[in-house]
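J.: My structure is stored as data22.cif, with mmCIF, C-alpha atoms.
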data_work
loop_
_atom_site.group_PDB
_atom_site.id
_atom_site.type_symbol
_atom_site.label_atom_id
_atom_site.label_comp_id
_atom_site.auth_asym_id
_atom_site.auth_seq_id
_atom_site.Cartn_x
_atom_site.Cartn_y
_atom_site.Cartn_z
ATOM 1 C CA MET L 223 51.619 45.350 61.032
ATOM 2 C CA ASP L 224 53.917 43.195 58.889
ATOM 3 C CA PHE L 225 53.508 40.328 56.449
ATOM 4 C CA ILE L 226 53.647 37.727 59.226
ATOM 5 C CA ASP L 227 50.583 39.326 60.839
ATOM 6 C CA ILE L 228 48.729 39.137 57.518
ATOM 7 C CA LEU L 229 49.808 35.529 57.039
ATOM 8 C CA ARG L 230 48.522 34.553 60.481
ATOM 9 C CA PHE L 231 45.163 36.155 59.682
ATOM 10 C CA TRP L 232 45.077 34.332 56.347
ATOM 11 C CA LEU L 233 45.773 30.975 58.024
ATOM 12 C CA VAL L 234 42.944 31.462 60.528
ATOM 13 C CA ILE L 235 40.476 32.345 57.763
ATOM 14 C CA GLN L 236 41.586 29.225 55.885
ATOM 15 C CA LEU L 237 40.860 27.235 59.044
ATOM 16 C CA PHE L 238 37.294 28.558 59.075
ATOM 17 C CA ALA L 239 36.939 27.813 55.351
ATOM 18 C CA LEU L 240 38.109 24.242 55.895
ATOM 19 C CA ALA L 241 35.382 23.679 58.473
ATOM 20 C CA ALA L 242 32.629 24.886 56.144
ATOM 21 C CA LEU L 243 33.877 23.485 52.815
ATOM 22 C CA PRO L 244 32.049 20.101 52.903
ATOM 23 C CA LEU L 245 28.856 21.894 53.914
ATOM 24 C CA ALA L 246 29.185 24.548 51.196
ATOM 25 C CA TRP L 247 30.003 21.887 48.611
ATOM 26 C CA ARG L 248 26.821 20.021 49.565
ATOM 27 C CA TRP L 249 24.417 22.938 50.112
ATOM 28 C CA LEU L 250 25.543 24.911 47.066
ATOM 29 C CA ALA L 251 25.947 21.890 44.814
ATOM 30 C CA PRO L 252 23.738 23.285 42.007
ATOM 31 C CA LEU L 253 26.210 26.145 41.464
ATOM 32 C CA PRO L 254 28.997 25.602 38.913
ATOM 33 C CA SER L 255 31.582 26.543 41.572
ATOM 34 C CA ARG L 256 29.911 24.354 44.222
ATOM 35 C CA GLY L 257 30.170 27.371 46.552
ATOM 36 C CA TYR L 258 33.946 27.127 46.918
ATOM 37 C CA ALA L 259 34.440 30.896 46.991
ATOM 38 C CA LEU L 260 31.749 31.242 49.673
ATOM 39 C CA ALA L 261 33.265 28.699 52.059
ATOM 40 C CA LYS L 262 35.422 31.338 53.775
ATOM 41 C CA PRO L 263 32.646 33.781 54.751
ATOM 42 C CA LEU L 264 30.320 30.864 55.511
ATOM 43 C CA GLY L 265 32.798 29.280 57.904
ATOM 44 C CA LEU L 266 33.527 32.573 59.636
ATOM 45 C CA LEU L 267 29.813 33.298 59.953
ATOM 46 C CA LEU L 268 28.861 29.889 61.365
ATOM 47 C CA VAL L 269 31.705 29.669 63.884
ATOM 48 C CA SER L 270 31.171 33.242 65.067
ATOM 49 C CA TYR L 271 27.415 32.774 65.378
ATOM 50 C CA LEU L 272 27.824 29.595 67.396
ATOM 51 C CA LEU L 273 30.334 31.359 69.634
ATOM 52 C CA TRP L 274 28.001 34.329 70.084
ATOM 53 C CA LEU L 275 25.038 32.080 70.841
ATOM 54 C CA GLY L 276 26.990 29.983 73.329
ATOM 55 C CA ALA L 277 28.517 33.001 75.076
ATOM 56 C CA SER L 278 25.097 34.689 75.217
ATOM 57 C CA LEU L 279 23.435 31.627 76.762
ATOM 58 C CA GLY L 280 26.317 30.992 79.148
ATOM 59 C CA PHE L 281 27.612 27.603 77.995
ATOM 60 C CA LEU L 282 30.616 28.961 76.077
ATOM 61 C CA ARG L 283 33.282 31.450 77.081
ATOM 62 C CA ASN L 284 34.399 34.108 74.706
ATOM 63 C CA GLY L 285 37.990 32.955 74.435
ATOM 64 C CA VAL L 286 40.286 30.764 72.403
ATOM 65 C CA GLY L 287 38.772 27.619 73.917
ATOM 66 C CA GLY L 288 35.232 28.713 73.103
ATOM 67 C CA ILE L 289 36.171 29.617 69.534
ATOM 68 C CA LEU L 290 37.912 26.277 68.953
ATOM 69 C CA LEU L 291 34.952 24.402 70.412
ATOM 70 C CA ALA L 292 32.568 26.295 68.117
ATOM 71 C CA TRP L 293 34.884 25.556 65.198
ATOM 72 C CA ALA L 294 34.928 21.846 66.079
ATOM 73 C CA VAL L 295 31.120 21.761 66.202
ATOM 74 C CA VAL L 296 30.859 23.455 62.801
ATOM 75 C CA LEU L 297 33.466 21.074 61.379
ATOM 76 C CA GLY L 298 31.652 18.046 62.768
ATOM 77 C CA ALA L 299 28.273 19.212 61.449
ATOM 78 C CA SER L 300 29.838 20.037 58.095
ATOM 79 C CA LEU L 301 31.470 16.619 57.793
ATOM 80 C CA TRP L 302 28.245 14.867 58.735
ATOM 81 C CA LEU L 303 25.855 16.903 56.555
ATOM 82 C CA GLY L 304 28.310 16.883 53.688
ATOM 83 C CA ARG L 305 29.505 13.318 54.234
ATOM 84 C CA ALA L 306 28.738 12.409 50.632
ATOM 85 C CA SER L 307 31.507 14.797 49.600
ATOM 86 C CA TRP L 308 34.353 12.978 51.348
ATOM 87 C CA GLN L 309 33.108 9.406 51.585
ATOM 88 C CA ARG L 310 34.105 7.064 48.771
ATOM 89 C CA ASP L 311 31.504 6.582 46.050
ATOM 90 C CA ASP L 312 30.830 3.499 43.942
ATOM 91 C CA SER L 313 33.921 4.167 41.861
ATOM 92 C CA GLY L 314 36.108 4.389 44.954
ATOM 93 C CA GLN L 315 36.635 8.151 44.575
ATOM 94 C CA ARG L 316 36.025 10.872 47.136
ATOM 95 C CA PRO L 317 33.825 13.352 45.204
ATOM 96 C CA LEU L 318 35.070 16.523 46.889
ATOM 97 C CA PHE L 319 38.716 15.676 46.357
ATOM 98 C CA SER L 320 38.051 14.652 42.768
ATOM 99 C CA TRP L 321 36.227 17.925 42.152
ATOM 100 C CA LEU L 322 39.077 19.962 43.646
ATOM 101 C CA ARG L 323 41.590 18.226 41.368
ATOM 102 C CA GLU L 324 39.355 18.684 38.344
ATOM 103 C CA HIS L 325 38.703 22.356 39.060
ATOM 104 C CA TRP L 326 42.165 23.302 40.268
ATOM 105 C CA VAL L 327 42.160 26.433 38.103
ATOM 106 C CA LEU L 328 39.060 27.772 39.864
ATOM 107 C CA VAL L 329 40.564 26.917 43.246
ATOM 108 C CA ALA L 330 43.860 28.611 42.357
ATOM 109 C CA VAL L 331 42.218 31.769 40.988
ATOM 110 C CA THR L 332 39.992 32.047 44.067
ATOM 111 C CA GLU L 333 42.873 31.615 46.500
ATOM 112 C CA ILE L 334 45.214 33.973 44.613
ATOM 113 C CA LEU L 335 42.501 36.621 44.430
ATOM 114 C CA PHE L 336 41.780 36.325 48.128
ATOM 115 C CA LEU L 337 45.423 36.507 49.192
ATOM 116 C CA ALA L 338 46.199 39.370 46.801
ATOM 117 C CA ALA L 339 43.206 41.378 48.031
ATOM 118 C CA LEU L 340 44.079 40.737 51.679
ATOM 119 C CA VAL L 341 47.736 41.714 51.284
ATOM 120 C CA GLY L 342 46.965 44.607 48.958
ATOM 121 C CA TRP L 343 44.358 46.272 51.145
ATOM 122 C CA ALA L 344 46.380 45.714 54.307
ATOM 123 C CA PHE L 345 49.330 47.323 52.517
ATOM 124 C CA ILE L 346 47.201 50.354 51.635
ATOM 125 C CA ARG L 347 45.950 50.536 55.213
ATOM 126 C CA SER L 348 49.536 50.447 56.493
ATOM 127 C CA PHE L 349 50.082 53.958 55.133
ATOM 128 C CA SER L 350 47.464 55.282 57.563
ATOM 129 C CA PRO L 351 47.034 52.750 60.380
ATOM 130 C CA GLU L 352 46.311 55.239 63.135
ATOM 131 C CA ILE L 353 42.889 56.044 64.552
ATOM 132 C CA THR L 354 42.489 59.732 63.774
ATOM 133 C CA THR L 355 39.737 62.310 63.760
ATOM 134 C CA ALA L 356 39.309 61.675 60.028
ATOM 135 C CA GLY L 357 38.606 58.038 60.759
ATOM 136 C CA GLY L 358 34.846 58.410 61.040
ATOM 137 C CA GLU L 359 33.542 55.648 63.316
ATOM 138 C CA LYS L 360 36.929 54.023 63.912
ATOM 139 C CA PHE L 361 37.100 55.215 67.520
ATOM 140 C CA MET L 362 33.816 53.442 68.200
ATOM 141 C CA GLU L 363 34.817 50.392 66.167
ATOM 142 C CA LEU L 364 38.087 49.854 68.005
ATOM 143 C CA THR L 365 36.288 50.451 71.299
ATOM 144 C CA PHE L 366 33.758 47.736 70.463
ATOM 145 C CA LEU L 367 36.522 45.352 69.434
ATOM 146 C CA ASN L 368 38.379 45.889 72.710
ATOM 147 C CA GLY L 369 35.154 45.526 74.684
ATOM 148 C CA ILE L 370 34.415 42.155 73.046
ATOM 149 C CA LEU L 371 37.976 40.919 73.558
ATOM 150 C CA ARG L 372 37.730 41.754 77.277
ATOM 151 C CA SER L 373 34.317 40.122 77.787
ATOM 152 C CA GLN L 374 33.945 36.475 78.744
ATOM 153 C CA GLN L 375 30.201 36.419 78.075
ATOM 154 C CA PHE L 376 27.809 38.274 75.762
ATOM 155 C CA PRO L 377 26.467 40.877 75.488
ATOM 156 C CA PRO L 378 29.940 42.408 75.837
ATOM 157 C CA GLN L 379 30.869 45.154 78.248
ATOM 158 C CA ASP L 380 30.549 48.731 77.109
ATOM 159 C CA PRO L 381 33.996 50.329 77.639
ATOM 160 C CA TRP L 382 32.452 53.809 77.647
ATOM 161 C CA LEU L 383 29.647 53.067 80.109
ATOM 162 C CA SER L 384 30.980 50.954 82.949
ATOM 163 C CA GLY L 385 28.605 48.294 84.211
ATOM 164 C CA PHE L 386 26.462 48.246 81.077
ATOM 165 C CA ALA L 387 26.497 46.130 77.932
ATOM 166 C CA ILE L 388 27.024 47.453 74.427
ATOM 167 C CA SER L 389 23.602 48.584 73.216
ATOM 168 C CA TYR L 390 24.424 48.577 69.504
ATOM 169 C CA TYR L 391 24.778 45.872 66.897
ATOM 170 C CA TYR L 392 28.182 44.304 67.295
ATOM 171 C CA PHE L 393 28.220 40.893 65.602
ATOM 172 C CA GLY L 394 30.711 41.985 62.932
ATOM 173 C CA TYR L 395 33.159 42.797 65.711
ATOM 174 C CA VAL L 396 32.574 39.333 67.196
ATOM 175 C CA MET L 397 33.828 37.849 63.931
ATOM 176 C CA LEU L 398 36.837 40.164 63.915
ATOM 177 C CA ALA L 399 37.566 39.412 67.575
ATOM 178 C CA ALA L 400 37.501 35.659 66.832
ATOM 179 C CA LEU L 401 40.080 36.176 64.094
ATOM 180 C CA ALA L 402 42.166 38.351 66.403
ATOM 181 C CA ARG L 403 42.164 35.762 69.215
ATOM 182 C CA LEU L 404 43.120 32.811 67.059
ATOM 183 C CA SER L 405 45.782 34.765 65.186
ATOM 184 C CA GLY L 406 47.193 36.143 68.431
ATOM 185 C CA LEU L 407 47.208 39.729 67.145
ATOM 186 C CA PRO L 408 46.478 42.718 69.392
ATOM 187 C CA ALA L 409 43.320 44.676 68.680
ATOM 188 C CA SER L 410 45.133 47.594 67.076
ATOM 189 C CA VAL L 411 46.821 45.319 64.515
ATOM 190 C CA ALA L 412 43.881 42.960 64.015
ATOM 191 C CA PHE L 413 41.610 45.924 63.288
ATOM 192 C CA ASN L 414 43.740 47.070 60.357
ATOM 193 C CA VAL L 415 44.401 43.579 59.002
ATOM 194 C CA GLY L 416 40.692 42.886 59.445
ATOM 195 C CA LEU L 417 39.836 45.716 57.064
ATOM 196 C CA GLY L 418 41.889 43.896 54.456
ATOM 197 C CA ALA L 419 40.159 40.629 55.332
ATOM 198 C CA TRP L 420 36.665 42.094 54.848
ATOM 199 C CA PHE L 421 37.744 43.508 51.502
ATOM 200 C CA ALA L 422 39.228 40.165 50.448
ATOM 201 C CA LEU L 423 36.149 38.209 51.551
ATOM 202 C CA THR L 424 33.877 40.626 49.682
ATOM 203 C CA LEU L 425 35.983 40.452 46.537
ATOM 204 C CA THR L 426 36.193 36.652 46.615
ATOM 205 C CA ALA L 427 32.470 36.198 47.229
ATOM 206 C CA ALA L 428 31.644 38.602 44.395
ATOM 207 C CA PHE L 429 33.987 36.663 42.125
ATOM 208 C CA GLY L 430 32.283 33.376 43.008
ATOM 209 C CA ILE L 431 28.757 34.699 42.447
ATOM 210 C CA ALA L 432 29.619 36.373 39.134
ATOM 211 C CA PHE L 433 31.513 33.269 38.035
ATOM 212 C CA ASP L 434 28.474 31.099 38.716
ATOM 213 C CA LEU L 435 26.113 33.440 36.867
ATOM 214 C CA VAL L 436 28.295 33.594 33.769
ATOM 215 C CA ALA L 437 29.047 29.856 33.794
ATOM 216 C CA ALA L 438 25.353 28.996 34.126
ATOM 217 C CA LEU L 439 24.473 31.401 31.319
ATOM 218 C CA ILE L 440 27.104 29.943 29.011
ATOM 219 C CA ARG L 441 25.860 26.434 29.639
ATOM 220 C CA ARG L 442 22.391 27.661 28.697
ATOM 221 C CA ALA L 443 20.923 25.902 31.723
ATOM 222 C CA PRO L 444 19.351 27.592 34.732
ATOM 223 C CA VAL L 445 20.668 26.824 38.186
ATOM 224 C CA SER L 446 18.920 23.611 39.145
ATOM 225 C CA SER L 447 17.861 22.340 42.534
ATOM 226 C CA SER L 448 19.024 18.837 41.667
ATOM 227 C CA LEU L 449 22.469 17.677 42.656
ATOM 228 C CA PRO L 450 24.900 17.506 39.740
ATOM 229 C CA PRO L 451 27.619 14.880 39.576
ATOM 230 C CA ALA L 452 31.016 15.717 41.007
ATOM 231 C CA SER L 453 32.456 15.664 37.500
ATOM 232 C CA SER L 454 31.231 18.476 35.240
ATOM 233 C CA PRO L 455 32.162 19.978 31.860
ATOM 234 C CA PRO L 456 35.176 22.295 31.821
ATOM 235 C CA VAL L 457 34.385 25.901 32.605
ATOM 236 C CA PRO L 458 35.037 28.339 29.739
ATOM 237 C CA ARG L 459 37.517 31.170 30.193
ATOM 238 C CA SER L 460 34.781 33.784 29.899
ATOM 239 C CA ALA L 461 33.355 32.616 33.244
ATOM 240 C CA TYR L 462 36.624 33.556 34.920
ATOM 241 C CA ILE L 463 36.643 36.908 33.151
ATOM 242 C CA GLY L 464 33.062 37.541 34.258
ATOM 243 C CA GLY L 465 33.928 36.567 37.817
ATOM 244 C CA LEU L 466 36.907 38.908 37.934
ATOM 245 C CA LEU L 467 34.844 41.739 36.447
ATOM 246 C CA GLY L 468 32.162 41.115 39.063
ATOM 247 C CA ALA L 469 34.754 41.308 41.823
ATOM 248 C CA LEU L 470 36.203 44.473 40.286
ATOM 249 C CA PHE L 471 32.867 46.244 40.051
ATOM 250 C CA VAL L 472 31.691 45.232 43.521
ATOM 251 C CA GLY L 473 34.980 45.825 45.322
ATOM 252 C CA LEU L 474 36.489 48.796 43.516
ATOM 253 C CA LEU L 475 34.309 50.430 40.867
ATOM 254 C CA GLY L 476 30.988 50.387 42.694
ATOM 255 C CA ASN L 477 31.787 53.671 44.459
ATOM 256 C CA LEU L 478 32.920 56.552 42.237
ATOM 257 C CA ALA L 479 33.590 58.911 45.144
ATOM 258 C CA GLY L 480 37.356 58.422 45.038
ATOM 259 C CA PHE L 481 37.430 58.978 41.276
ATOM 260 C CA LEU L 482 35.405 62.187 41.569
ATOM 261 C CA GLU L 483 37.563 63.438 44.433
ATOM 262 C CA SER L 484 40.674 62.828 42.325
ATOM 263 C CA MET L 485 39.129 64.715 39.398
ATOM 264 C CA PHE L 486 38.249 67.667 41.613
ATOM 265 C CA SER L 487 41.691 67.731 43.237
ATOM 266 C CA ALA L 488 43.291 67.724 39.781
ATOM 267 C CA GLY L 489 41.229 70.751 38.769
ATOM 268 C CA VAL L 490 39.271 68.902 36.095
ATOM 269 C CA GLY L 491 36.017 70.605 35.172
ATOM 270 C CA PRO L 492 34.609 74.014 36.049
ATOM 271 C CA LEU L 493 33.895 74.912 39.657
ATOM 272 C CA ALA L 494 30.252 75.449 38.735
ATOM 273 C CA PHE L 495 29.949 71.735 37.936
ATOM 274 C CA TRP L 496 31.288 70.715 41.339
ATOM 275 C CA ARG L 497 29.012 73.182 43.099
ATOM 276 C CA TRP L 498 26.094 71.694 41.177
ATOM 277 C CA LEU L 499 27.181 68.216 42.237
ATOM 278 C CA ASP L 500 27.447 69.218 45.910
ATOM 279 C CA VAL L 501 24.800 68.496 48.487
ATOM 280 C CA LYS L 502 23.430 71.933 49.154
ATOM 281 C CA ASP L 503 23.729 73.319 52.688
ATOM 282 C CA LEU L 504 25.632 70.266 53.940
ATOM 283 C CA ASN L 505 28.057 71.567 56.533
ATOM 284 C CA CYS L 506 31.311 69.591 56.266
ATOM 285 C CA LEU L 507 33.498 70.203 59.305
ATOM 286 C CA GLY L 508 36.570 68.799 57.607
ATOM 287 C CA GLY L 509 36.671 71.471 54.905
ATOM 288 C CA PRO L 510 38.129 70.893 51.446
ATOM 289 C CA GLY L 511 39.741 67.515 51.003
ATOM 290 C CA TYR L 512 37.867 65.928 53.896
ATOM 291 C CA SER L 513 36.991 62.260 53.497
ATOM 292 C CA GLU L 514 33.317 62.988 52.806
ATOM 293 C CA PRO L 515 32.986 62.681 49.021
ATOM 294 C CA ILE L 516 31.118 64.973 46.674
ATOM 295 C CA ALA L 517 29.475 67.046 49.400
ATOM 296 C CA ASN L 518 30.184 70.735 49.775
ATOM 297 C CA CYS L 519 33.459 69.676 51.393
ATOM 298 C CA LEU L 520 34.801 69.885 47.830
ATOM 299 C CA THR L 521 33.968 73.518 47.322
ATOM 300 C CA ALA L 522 33.888 74.775 50.894
ATOM 301 C CA GLY L 523 36.262 77.515 51.906
#
Show me the file's structure as C-alpha cells.

T.:
Amino acid sequence: MDFIDILRFWLVIQLFALAALPLAWRWLAPLPSRGYALAKPLGLLLVSYLLWLGASLGFLRNGVGGILLAWAVVLGASLWLGRASWQRDDSGQRPLFSWLREHWVLVAVTEILFLAALVGWAFIRSFSPEITTAGGEKFMELTFLNGILRSQQFPPQDPWLSGFAISYYYFGYVMLAALARLSGLPASVAFNVGLGAWFALTLTAAFGIAFDLVAALIRRAPVSSSLPPASSPPVPRSAYIGGLLGALFVGLLGNLAGFLESMFSAGVGPLAFWRWLDVKDLNCLGGPGYSEPIANCLTAG
C-alpha cells in the first residue's frame, strides 16, 4: 500500500460524491451545509445499492461495467431531481456553483478533513497490514470481500462453503468491492485502504452533522422544511469549531478503550482498580495486552 493506492481510492470516492452532490444539495437544502459533507457516503450508498439490486435481480453484472452503469443511473437521477441546482435561475446564475463559490471555506475544510483522515488512518494501518490471529473478524471480512469480487451475480459465492451463497449480511463489503474494482486495487490492498476510507467517511459525516447543528443554533432558527435561497449569511467560525469537535468525539474520543489500555500499560493506578474495572470471569485467550480492552485480559496471567 502506497500513496498512489490511497489517491486512487480517494478519486473513486470523489466520483461517487459527484454523482450524488446535486441530489444531496436538493434533498438536504434546509441544512446550513446543504448536505455537502454527506454527498460522499450518499453517493457510495446509492451506487452500491443499485449495483446490488441489479446483480441480485440478474440485469446487472457485478463488475466494472455494472458499477459504471449504476453510477450513471445515480448521476442521471441526481441531475434530474436536483436540476434546480445546476440550471440557470432568473439572475443567470447556477445556484449550486454559486453556493460552492460562496461557501468555499466549508468545502475546503470538508475536503481537507476527508483526505487527512483517509491518509492518516491508512498510514496507521500500514504498520500492521497483515491478517493475523489478533485481527478479530478480518479473516472473515477478507474472505467475504474476495467472494464478492469473484461473483458475477448476488448473493455472492461463499468461499468457505462451495456451491452455497454467503448467508450473512454483506452489503458493506459490496461497497468496498465497488471501490476496489474501480480503483483497480487487489483485495488485500483495498481492504486496508478501505478501513481508512470508512474512518474518513465517518469523520466527515460527523463534521457535517455537528456543523449544521451548531450553525442552526447560532442562527437561532430551527432547521426548516422550506427551501432556503442559494445565498445565505456567512457561517460563523464557531460552527467550524463545533463541526471539528463533533468529528473528533465521534471518530476518536468516543471509545476510551485505547486510553485505558495505555494507562494500564504505563502502570498508572493500583492493580485493584483494574481488577475492579475488569469483566469478571471473562476468559481472554490473548492474555495481557490482547486487543480486547478493559476485560480481564488486562490483569490475566

J.: What does the distance between atom CA of Leu297 of chain L and atom CA of Ala242 of chain L come to in Å, to one decimal place?

T.: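 Answer for the atom CA of Leu297 of chain L to atom CA of Ala242 of chain L separation: 6.5 Å.
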
J.: Between L:Leu240, L:Val329, L:Ala338, L:Val295, which is the closest to Leu425 of chain L once you count only C-alpha atoms?

T.: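 The answer is L:Ala338, which sits nearest to Leu425 of chain L.
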
J.: Sort by chain and increasing residue number a table of all residues of segment 322-364 of chain L within 10 Å of segment 228-237 of chain L, each with its closest pair of atoms and their distance in Å to one decimal, counting only C-alpha atoms, and write it as a tab-separated table.

T.:
residue	atom	partner	partner_atom	distance
L:Glu333	CA	L:Gln236	CA	9.8
L:Phe336	CA	L:Trp232	CA	9.1
L:Leu337	CA	L:Trp232	CA	7.5
L:Leu340	CA	L:Ile228	CA	7.6
L:Val341	CA	L:Ile228	CA	6.8
L:Ala344	CA	L:Ile228	CA	7.7
L:Phe345	CA	L:Ile228	CA	9.6

J.: Run through the PyMOL selection byres ((chain L and resi 377) around 8) on the given coordinates and return the selected residues as a VMD selection string.

T.: chain L and resid 278 375 to 376 378 to 379 387 to 388

J.: Write the residues you've just listed into a file as an mmCIF file, in the frame of the given file, and include C-alpha atoms for each of them.

T.:
data_model
loop_
_atom_site.group_PDB
_atom_site.id
_atom_site.type_symbol
_atom_site.label_atom_id
_atom_site.label_comp_id
_atom_site.auth_asym_id
_atom_site.auth_seq_id
_atom_site.Cartn_x
_atom_site.Cartn_y
_atom_site.Cartn_z
ATOM 1 C CA SER L 278 25.097 34.689 75.217
ATOM 2 C CA GLN L 375 30.201 36.419 78.075
ATOM 3 C CA PHE L 376 27.809 38.274 75.762
ATOM 4 C CA PRO L 378 29.940 42.408 75.837
ATOM 5 C CA GLN L 379 30.869 45.154 78.248
ATOM 6 C CA ALA L 387 26.497 46.130 77.932
ATOM 7 C CA ILE L 388 27.024 47.453 74.427
#

J.: Can you list, as a ChimeraX atom specification, the residues that the PyMOL selection byres ((chain L and resi 381-386) around 12) selects here?

T.: /L:361-373,376-380,387-390

J.: What does the distance from atom CA of Val396 of chain L to atom CA of Leu291 of chain L come to in Å, to one decimal?

T.: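 Between these atoms lies a distance of 15.5 Å.
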
J.: So which residues touch Gly394 of chain L within 12 Å, counting all atoms listed in the file, skipping near sequence neighbours fewer than 6 positions away, as a ChimeraX atom specification?

T.: /L:263,266-267,270-271,274,363-364,366-367,370,400-401,413,416-417,420

J.: Can you pull out the residues contacting segment 467-469 of chain L? Cut-off 9 Å, using all atoms listed in the file, and skip same-chain residues under 4 positions away; I want them as a ChimeraX atom specification.

T.: /L:424-433,462-463,473-474

J.: Between atom CA of Ala339 of chain L and atom CA of Phe393 of chain L, measure the distance and give it in Å to one decimal.

T.: 23.1 Å

J.: Looking at all atoms listed in the file, which of L:Trp321, L:Phe225, L:Phe349, L:Tyr392 is the one that sits closest to Ser255 of chain L?

T.: L:Trp321

J.: Rank L:Ala246, L:Leu272, L:Leu253, L:Ala437 by their smallest atom-to-atom distance to Leu318 of chain L, using only C-alpha atoms, and report the top residue only.

T.: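 The answer is L:Ala246, which sits nearest to Leu318 of chain L.
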
J.: I want to know what sits within 6 Å of Arg283 of chain L, based on all atoms listed in the file, with residues of the same chain fewer than 5 positions away left out; could you give that as a PyMOL selection string?

T.: chain L and resi 277+288+374-375

J.: Give me a file of those residues, with C-alpha atoms, as a compact mmCIF listing (two decimals), keeping the file's coordinate frame.

T.:
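Wrote out.txt, looks like this:
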# COMPACT_ATOMS: atom_id res chain seq x y z
CA ALA L 277 28.52 33.00 75.08
CA GLY L 288 35.23 28.71 73.10
CA GLN L 374 33.94 36.48 78.74
CA GLN L 375 30.20 36.42 78.08

J.: Restricting the calculation to all atoms listed in the file: of L:Gly280, L:Ala306, L:Ala299, L:Leu273, which residue gets closest to Trp247 of chain L?

T.: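 Ranked by minimum distance to Trp247 of chain L, first place goes to L:Ala306.
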
J.: Mind giving me the axis-aligned box for segment 339-357 of chain L with 3 Å on every side, centre plus edges in Å to one decimal, as lines of an AutoDock Vina configuration file?

T.:
center_x = 44.3
center_y = 51.5
center_z = 56.3
size_x = 17.5
size_y = 27.6
size_z = 22.5

J.: For segment 243-255 of chain L, where the input has fewer atoms than it should, I would like N, CA and C atoms rebuilt and written as a CSV table (one decimal), keeping the file's coordinate frame.

T.:
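Output contents, as saved in rebuild33.csv:
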chain,number,residue,atom,x,y,z
L,243,LEU,N,33.8,23.9,54.2
L,243,LEU,CA,33.9,23.5,52.8
L,243,LEU,C,33.0,22.3,52.5
L,244,PRO,N,33.0,21.2,53.3
L,244,PRO,CA,32.0,20.1,52.9
L,244,PRO,C,30.6,20.5,52.9
L,245,LEU,N,30.2,21.4,53.8
L,245,LEU,CA,28.9,21.9,53.9
L,245,LEU,C,28.5,22.8,52.7
L,246,ALA,N,29.4,23.7,52.4
L,246,ALA,CA,29.2,24.5,51.2
L,246,ALA,C,29.1,23.7,49.9
L,247,TRP,N,30.0,22.7,49.8
L,247,TRP,CA,30.0,21.9,48.6
L,247,TRP,C,28.7,21.1,48.5
L,248,ARG,N,28.1,20.8,49.6
L,248,ARG,CA,26.8,20.0,49.6
L,248,ARG,C,25.6,21.0,49.4
L,249,TRP,N,25.6,22.0,50.2
L,249,TRP,CA,24.4,22.9,50.1
L,249,TRP,C,24.3,23.7,48.8
L,250,LEU,N,25.5,24.1,48.3
L,250,LEU,CA,25.5,24.9,47.1
L,250,LEU,C,25.9,24.1,45.9
L,251,ALA,N,25.6,22.8,45.9
L,251,ALA,CA,25.9,21.9,44.8
L,251,ALA,C,25.4,22.3,43.4
L,252,PRO,N,24.2,22.9,43.3
L,252,PRO,CA,23.7,23.3,42.0
L,252,PRO,C,24.6,24.4,41.3
L,253,LEU,N,25.4,25.1,42.1
L,253,LEU,CA,26.2,26.1,41.5
L,253,LEU,C,27.4,25.5,40.7
L,254,PRO,N,27.8,26.1,39.6
L,254,PRO,CA,29.0,25.6,38.9
L,254,PRO,C,30.2,25.6,39.8
L,255,SER,N,30.4,26.5,40.7
L,255,SER,CA,31.6,26.5,41.6
L,255,SER,C,31.4,25.7,42.8
